[in-house]
file data33.cif (mmCIF, C-alpha atoms; chains and numbers go by the auth columns)
data_target
loop_
_atom_site.group_PDB
_atom_site.id
_atom_site.type_symbol
_atom_site.label_atom_id
_atom_site.label_comp_id
_atom_site.label_asym_id
_atom_site.label_seq_id
_atom_site.Cartn_x
_atom_site.Cartn_y
_atom_site.Cartn_z
_atom_site.B_iso_or_equiv
_atom_site.auth_seq_id
_atom_site.auth_asym_id
ATOM 1 C CA MET A 1 0.000 0.000 0.000 0.00 1 W
ATOM 2 C CA GLY A 2 1.528 3.332 -1.101 0.00 2 W
ATOM 3 C CA LYS A 3 1.695 6.510 0.853 0.00 3 W
ATOM 4 C CA GLY A 4 0.139 9.768 -0.345 0.00 4 W
ATOM 5 C CA PRO A 5 2.217 12.346 -2.196 0.00 5 W
ATOM 6 C CA GLU A 6 5.289 13.389 -0.285 0.00 6 W
ATOM 7 C CA LYS A 7 5.589 17.062 0.681 0.00 7 W
ATOM 8 C CA ARG A 8 8.711 18.541 -0.866 0.00 8 W
ATOM 9 C CA GLN A 9 11.172 20.297 1.408 0.00 9 W
ATOM 10 C CA THR A 10 11.657 24.038 0.884 0.00 10 W
ATOM 11 C CA TYR A 11 15.151 25.458 1.444 0.00 11 W
ATOM 12 C CA LEU A 12 15.847 29.180 1.821 0.00 12 W
ATOM 13 C CA THR A 13 19.235 30.570 0.811 0.00 13 W
ATOM 14 C CA ARG A 14 20.905 33.080 3.109 0.00 14 W
ATOM 15 C CA HIS A 15 20.202 35.729 0.470 0.00 15 W
ATOM 16 C CA ALA A 16 16.468 34.861 0.447 0.00 16 W
ATOM 17 C CA LYS A 17 16.274 34.979 4.257 0.00 17 W
ATOM 18 C CA ARG A 18 17.965 38.387 4.297 0.00 18 W
ATOM 19 C CA ARG A 19 15.616 39.755 1.628 0.00 19 W
ATOM 20 C CA MET A 20 12.588 38.413 3.507 0.00 20 W
ATOM 21 C CA ARG A 21 13.731 40.147 6.691 0.00 21 W
ATOM 22 C CA TRP A 22 14.432 43.463 4.901 0.00 22 W
ATOM 23 C CA ARG A 23 11.119 43.377 3.024 0.00 23 W
ATOM 24 C CA ASN A 24 8.995 42.100 5.928 0.00 24 W
ATOM 25 C CA ILE A 25 7.903 38.928 4.091 0.00 25 W
ATOM 26 C CA SER A 26 7.215 35.898 6.271 0.00 26 W
ATOM 27 C CA PRO A 27 8.104 32.261 5.565 0.00 27 W
ATOM 28 C CA LYS A 28 4.346 31.621 5.514 0.00 28 W
ATOM 29 C CA ASP A 29 3.965 34.206 2.704 0.00 29 W
ATOM 30 C CA VAL A 30 6.715 32.460 0.724 0.00 30 W
ATOM 31 C CA GLU A 31 5.094 29.047 1.214 0.00 31 W
ATOM 32 C CA LYS A 32 1.699 30.394 0.094 0.00 32 W
ATOM 33 C CA THR A 33 3.326 31.912 -2.991 0.00 33 W
ATOM 34 C CA LEU A 34 4.993 28.608 -3.871 0.00 34 W
ATOM 35 C CA THR A 35 1.975 26.381 -3.232 0.00 35 W
ATOM 36 C CA ASN A 36 -0.739 28.592 -4.719 0.00 36 W
ATOM 37 C CA PRO A 37 0.816 31.198 -7.061 0.00 37 W
ATOM 38 C CA ASP A 38 -1.235 33.612 -9.165 0.00 38 W
ATOM 39 C CA ARG A 39 1.323 33.239 -11.964 0.00 39 W
ATOM 40 C CA VAL A 40 4.547 31.309 -12.636 0.00 40 W
ATOM 41 C CA GLU A 41 7.265 32.274 -15.132 0.00 41 W
ATOM 42 C CA GLN A 42 9.727 29.670 -16.416 0.00 42 W
ATOM 43 C CA LEU A 43 13.123 31.244 -17.130 0.00 43 W
ATOM 44 C CA PRO A 44 15.638 29.893 -19.672 0.00 44 W
ATOM 45 C CA SER A 45 18.148 29.376 -16.832 0.00 45 W
ATOM 46 C CA GLY A 46 15.877 26.754 -15.247 0.00 46 W
ATOM 47 C CA ARG A 47 14.727 29.085 -12.491 0.00 47 W
ATOM 48 C CA LYS A 48 11.091 29.858 -11.920 0.00 48 W
ATOM 49 C CA ASN A 49 9.414 32.996 -10.615 0.00 49 W
ATOM 50 C CA ALA A 50 6.163 32.576 -8.690 0.00 50 W
ATOM 51 C CA PHE A 51 3.960 35.633 -8.102 0.00 51 W
ATOM 52 C CA LYS A 52 1.217 36.100 -5.519 0.00 52 W
ATOM 53 C CA LEU A 53 -0.802 39.199 -4.645 0.00 53 W
ATOM 54 C CA MET A 54 -1.261 39.395 -0.861 0.00 54 W
ATOM 55 C CA GLY A 55 -3.057 42.541 0.246 0.00 55 W
ATOM 56 C CA ASP A 56 -0.899 45.452 -0.905 0.00 56 W
ATOM 57 C CA LYS A 57 2.124 43.202 -1.600 0.00 57 W
ATOM 58 C CA LEU A 58 2.918 41.529 -4.913 0.00 58 W
ATOM 59 C CA ILE A 59 5.368 38.873 -3.814 0.00 59 W
ATOM 60 C CA GLN A 60 7.835 37.336 -6.262 0.00 60 W
ATOM 61 C CA VAL A 61 9.674 34.184 -5.221 0.00 61 W
ATOM 62 C CA SER A 62 12.562 33.059 -7.458 0.00 62 W
ATOM 63 C CA TYR A 63 13.385 29.386 -7.030 0.00 63 W
ATOM 64 C CA ILE A 64 14.744 26.188 -8.550 0.00 64 W
ATOM 65 C CA GLU A 65 13.378 22.684 -8.137 0.00 65 W
ATOM 66 C CA GLY A 66 15.696 19.755 -7.575 0.00 66 W
ATOM 67 C CA GLY A 67 15.639 16.166 -6.431 0.00 67 W
ATOM 68 C CA LYS A 68 15.686 17.096 -2.749 0.00 68 W
ATOM 69 C CA GLY A 69 13.119 19.888 -2.919 0.00 69 W
ATOM 70 C CA THR A 70 12.695 23.543 -3.764 0.00 70 W
ATOM 71 C CA THR A 71 15.471 26.084 -3.190 0.00 71 W
ATOM 72 C CA VAL A 72 14.296 29.678 -2.832 0.00 72 W
ATOM 73 C CA ILE A 73 16.926 32.014 -4.270 0.00 73 W
ATOM 74 C CA THR A 74 15.379 35.415 -3.559 0.00 74 W
ATOM 75 C CA VAL A 75 12.125 37.057 -2.494 0.00 75 W
ATOM 76 C CA VAL A 76 10.889 40.470 -3.696 0.00 76 W
ATOM 77 C CA ASP A 77 7.942 42.737 -2.957 0.00 77 W
ATOM 78 C CA LYS A 78 7.347 44.071 -6.490 0.00 78 W
ATOM 79 C CA ASN A 79 5.241 46.974 -5.204 0.00 79 W
ATOM 80 C CA ARG A 80 8.157 48.543 -3.312 0.00 80 W
#

call {"tool": "encode", "arguments": {"input": "data33.cif", "output": "structure tokens"}}
result
Amino acid sequence: MGKGPEKRQTYLTRHAKRRMRWRNISPKDVEKTLTNPDRVEQLPSGRKNAFKLMGDKLIQVSYIEGGKGTTVITVVDKNR
């Protein structure tokens, strides 16, 4: 009997953590943006940008997906 789908681990780079702190974006906001984005852009480099409008913030999360999970590279509030 198989298990349900496994939840992928999300890793935050030091750069992403710093940007989140400076821009007052919570880990919960990042997770919501990754799991339920309004729009996703695929970049030629293999990175993806997920966008989510949350109140007066338009959050952009740049990330890559790998075998071990999702690595968040940077986080931006596009309205700032």

call {"tool": "resolve_selection", "arguments": {"input": "data33.cif", "expression": "the PyMOL selection byres ((chain W and resi 47) around 8)", "output": "list in words"}}
result
Gln42, Leu43, Pro44, Ser45, Gly46, Lys48, Asn49, Ser62, Tyr63, Ile64 and Glu65 of chain W

call {"tool": "residues_around", "arguments": {"input": "data33.cif", "residues": "stretch 10-20 of chain W", "least_positions_apart": "4", "cutoff": "12 Å", "atoms": "only C-alpha atoms", "output": "ChimeraX atom specification"}}
result
/W:24-32,34-35,59-77

call {"tool": "atom_distance", "arguments": {"input": "data33.cif", "atom1": "atom CA of W:Asp38", "atom2": "atom CA of W:Phe51"}}
result
5.7 Å

call {"tool": "atom_distance", "arguments": {"input": "data33.cif", "atom1": "atom CA of W:Asn36", "atom2": "atom CA of W:Asn79"}}
result
19.3 Å

call {"tool": "closest_residue", "arguments": {"input": "data33.cif", "among": "W:Arg39, W:Arg8, W:Arg21, W:Lys57", "to": "W:Arg80", "atoms": "all atoms listed in the file"}}
result
W:Lys57

call {"tool": "axis_aligned_box", "arguments": {"input": "data33.cif", "around": "stretch 44-55 of chain W", "padding_each_side": "4 Å", "output": "AutoDock Vina command-line options"}}
result
--center_x 7.5 --center_y 34.6 --center_z -9.7 --size_x 29.2 --size_y 23.8 --size_z 27.9

call {"tool": "decode", "arguments": {"input": "data33.cif", "residues": "stretch 49-66 of chain W", "atoms": "N, CA and C atoms", "output": "mmCIF file, in the first residue's frame"}}
result
data_model
loop_
_atom_site.group_PDB
_atom_site.id
_atom_site.type_symbol
_atom_site.label_atom_id
_atom_site.label_comp_id
_atom_site.auth_asym_id
_atom_site.auth_seq_id
_atom_site.Cartn_x
_atom_site.Cartn_y
_atom_site.Cartn_z
ATOM 1 N N ASN W 49 9.896 31.892 -11.435
ATOM 2 C CA ASN W 49 9.414 32.996 -10.615
ATOM 3 C C ASN W 49 7.939 32.771 -10.352
ATOM 4 N N ALA W 50 7.567 32.699 -9.083
ATOM 5 C CA ALA W 50 6.163 32.576 -8.690
ATOM 6 C C ALA W 50 5.713 33.927 -8.146
ATOM 7 N N PHE W 51 4.506 34.347 -8.531
ATOM 8 C CA PHE W 51 3.960 35.633 -8.102
ATOM 9 C C PHE W 51 2.651 35.407 -7.364
ATOM 10 N N LYS W 52 2.446 36.185 -6.306
ATOM 11 C CA LYS W 52 1.217 36.100 -5.519
ATOM 12 C C LYS W 52 0.892 37.484 -4.970
ATOM 13 N N LEU W 53 -0.334 37.938 -5.206
ATOM 14 C CA LEU W 53 -0.802 39.199 -4.645
ATOM 15 C C LEU W 53 -1.384 38.909 -3.275
ATOM 16 N N MET W 54 -0.822 39.578 -2.248
ATOM 17 C CA MET W 54 -1.261 39.395 -0.861
ATOM 18 C C MET W 54 -1.491 40.770 -0.267
ATOM 19 N N GLY W 55 -2.749 41.205 -0.251
ATOM 20 C CA GLY W 55 -3.057 42.541 0.246
ATOM 21 C C GLY W 55 -2.431 43.577 -0.660
ATOM 22 N N ASP W 56 -1.562 44.430 -0.097
ATOM 23 C CA ASP W 56 -0.899 45.452 -0.905
ATOM 24 C C ASP W 56 0.484 45.004 -1.381
ATOM 25 N N LYS W 57 0.835 43.735 -1.176
ATOM 26 C CA LYS W 57 2.124 43.202 -1.600
ATOM 27 C C LYS W 57 1.954 42.292 -2.814
ATOM 28 N N LEU W 58 2.797 42.484 -3.814
ATOM 29 C CA LEU W 58 2.918 41.529 -4.913
ATOM 30 C C LEU W 58 4.248 40.827 -4.691
ATOM 31 N N ILE W 59 4.172 39.608 -4.191
ATOM 32 C CA ILE W 59 5.368 38.873 -3.814
ATOM 33 C C ILE W 59 5.866 38.055 -5.004
ATOM 34 N N GLN W 60 7.175 38.154 -5.250
ATOM 35 C CA GLN W 60 7.835 37.336 -6.262
ATOM 36 C C GLN W 60 8.835 36.446 -5.546
ATOM 37 N N VAL W 61 8.741 35.147 -5.786
ATOM 38 C CA VAL W 61 9.674 34.184 -5.221
ATOM 39 C C VAL W 61 10.411 33.529 -6.386
ATOM 40 N N SER W 62 11.735 33.697 -6.441
ATOM 41 C CA SER W 62 12.562 33.059 -7.458
ATOM 42 C C SER W 62 13.134 31.783 -6.863
ATOM 43 N N TYR W 63 12.988 30.663 -7.594
ATOM 44 C CA TYR W 63 13.385 29.386 -7.030
ATOM 45 C C TYR W 63 13.799 28.403 -8.118
ATOM 46 N N ILE W 64 14.440 27.316 -7.682
ATOM 47 C CA ILE W 64 14.744 26.188 -8.550
ATOM 48 C C ILE W 64 14.228 24.928 -7.868
ATOM 49 N N GLU W 65 13.840 23.956 -8.668
ATOM 50 C CA GLU W 65 13.378 22.684 -8.137
ATOM 51 C C GLU W 65 14.424 21.619 -8.431
ATOM 52 N N GLY W 66 14.713 20.818 -7.426
ATOM 53 C CA GLY W 66 15.696 19.755 -7.575
ATOM 54 C C GLY W 66 15.179 18.470 -6.964
#
